[in-house]
Amino acid sequence: MTDMAKQTQNGKRLKITLVRSPIGFNKTQAKTVEGMGLRRIRHSVELLDTPETRGMILKVRHLVAVDEQG
């Protein structure tokens, strides 16, 4: 089994909700929100808790709310 498959089975998940519009902020932040799969305000997605996901959250932390899923 590959490392990614192991992470999918055992990894924690994060529920990320867009709470503020990226309009008026840097365009790269809007691209980051789009890359996370968020489309509109109050839209939520569940992503694996990886360093890449944490980095994206850090970049747009003023636009999103994060809840840890067990």
# chains A, B, ... in the order shown; residues from 1 in each chain; ligands from 1

$ residues_around --residues "Arg54 in chain A" --least-positions-apart "5" --cutoff "12 Å" --atoms "only C-alpha atoms" --output "PyMOL selection string"
chain A and resi 13-16+32+36+47-49+59-61+64+66+68

$ closest_residue --among "A:Met56, A:His62, A:Asp67, A:Thr50" --to "Ser21 in chain A" --atoms "only C-alpha atoms"
A:His62

$ closest_residue --among "A:Thr17, A:Ile57, A:Leu63, A:Lys31" --to "Val45 in chain A" --atoms "only C-alpha atoms"
A:Thr17

$ select_by_dssp --residues "chain A" --states "alpha helix (DSSP H)" --output "count of residues only"
26

$ residues_around --residues "Ile23 in chain A" --least-positions-apart "3" --cutoff "12 Å" --atoms "only C-alpha atoms" --output "list in words"
Arg20, Asn26, Lys27, Thr28, Gln29, Ala30, Lys31, Val33, Arg40, Ile41 and Leu63 of chain A

$ select_by_dssp --residues "chain A" --states "strand (DSSP E)" --output "VMD selection string"
chain A and resid 13 to 18 44 to 48 64 to 69

$ write_last_selection --atoms "N, CA, C and O atoms" --output "short mmCIF file (atom, residue, chain, number, x, y, z; two decimals), in the first residue's frame"
data_model
loop_
_atom_site.label_atom_id
_atom_site.label_comp_id
_atom_site.auth_asym_id
_atom_site.auth_seq_id
_atom_site.Cartn_x
_atom_site.Cartn_y
_atom_site.Cartn_z
N ARG A 13 -9.27 14.24 9.29
CA ARG A 13 -9.86 15.10 8.27
C ARG A 13 -10.21 16.44 8.89
O ARG A 13 -10.49 16.54 10.07
N LEU A 14 -10.17 17.47 8.07
CA LEU A 14 -10.50 18.82 8.49
C LEU A 14 -11.72 19.28 7.71
O LEU A 14 -11.79 19.11 6.49
N LYS A 15 -12.68 19.86 8.42
CA LYS A 15 -13.84 20.46 7.76
C LYS A 15 -13.55 21.95 7.62
O LYS A 15 -13.41 22.66 8.62
N ILE A 16 -13.47 22.43 6.39
CA ILE A 16 -13.11 23.81 6.12
C ILE A 16 -14.32 24.51 5.52
O ILE A 16 -14.93 24.02 4.57
N THR A 17 -14.68 25.66 6.09
CA THR A 17 -15.85 26.42 5.65
C THR A 17 -15.41 27.82 5.27
O THR A 17 -14.70 28.48 6.02
N LEU A 18 -15.85 28.26 4.11
CA LEU A 18 -15.57 29.63 3.67
C LEU A 18 -16.53 30.57 4.39
O LEU A 18 -17.75 30.44 4.26
N SER A 44 -18.79 24.14 2.65
CA SER A 44 -17.81 23.38 3.42
C SER A 44 -17.27 22.20 2.62
O SER A 44 -18.00 21.62 1.82
N VAL A 45 -16.01 21.88 2.87
CA VAL A 45 -15.39 20.69 2.29
C VAL A 45 -14.61 19.99 3.38
O VAL A 45 -14.20 20.60 4.36
N GLU A 46 -14.41 18.69 3.20
CA GLU A 46 -13.57 17.92 4.12
C GLU A 46 -12.31 17.52 3.38
O GLU A 46 -12.38 16.89 2.32
N LEU A 47 -11.16 17.88 3.94
CA LEU A 47 -9.87 17.55 3.34
C LEU A 47 -9.02 16.80 4.35
O LEU A 47 -9.21 16.95 5.57
N LEU A 48 -8.08 16.02 3.85
CA LEU A 48 -7.15 15.33 4.73
C LEU A 48 -6.26 16.34 5.44
O LEU A 48 -5.91 17.37 4.88
N VAL A 64 -11.46 31.56 6.23
CA VAL A 64 -12.05 30.25 6.46
C VAL A 64 -12.17 29.94 7.95
O VAL A 64 -11.49 30.54 8.78
N ALA A 65 -13.04 28.99 8.26
CA ALA A 65 -13.15 28.41 9.60
C ALA A 65 -12.82 26.94 9.47
O ALA A 65 -13.22 26.29 8.51
N VAL A 66 -12.09 26.40 10.45
CA VAL A 66 -11.63 25.02 10.39
C VAL A 66 -12.09 24.26 11.61
O VAL A 66 -11.95 24.72 12.74
N ASP A 67 -12.68 23.07 11.38
CA ASP A 67 -13.08 22.16 12.45
C ASP A 67 -12.39 20.84 12.21
O ASP A 67 -12.37 20.34 11.08
N GLU A 68 -11.82 20.25 13.25
CA GLU A 68 -11.17 18.95 13.12
C GLU A 68 -12.22 17.85 13.24
O GLU A 68 -13.04 17.86 14.15
N GLN A 69 -12.19 16.92 12.30
CA GLN A 69 -13.06 15.77 12.32
C GLN A 69 -12.27 14.57 12.82
O GLN A 69 -11.13 14.39 12.42
#
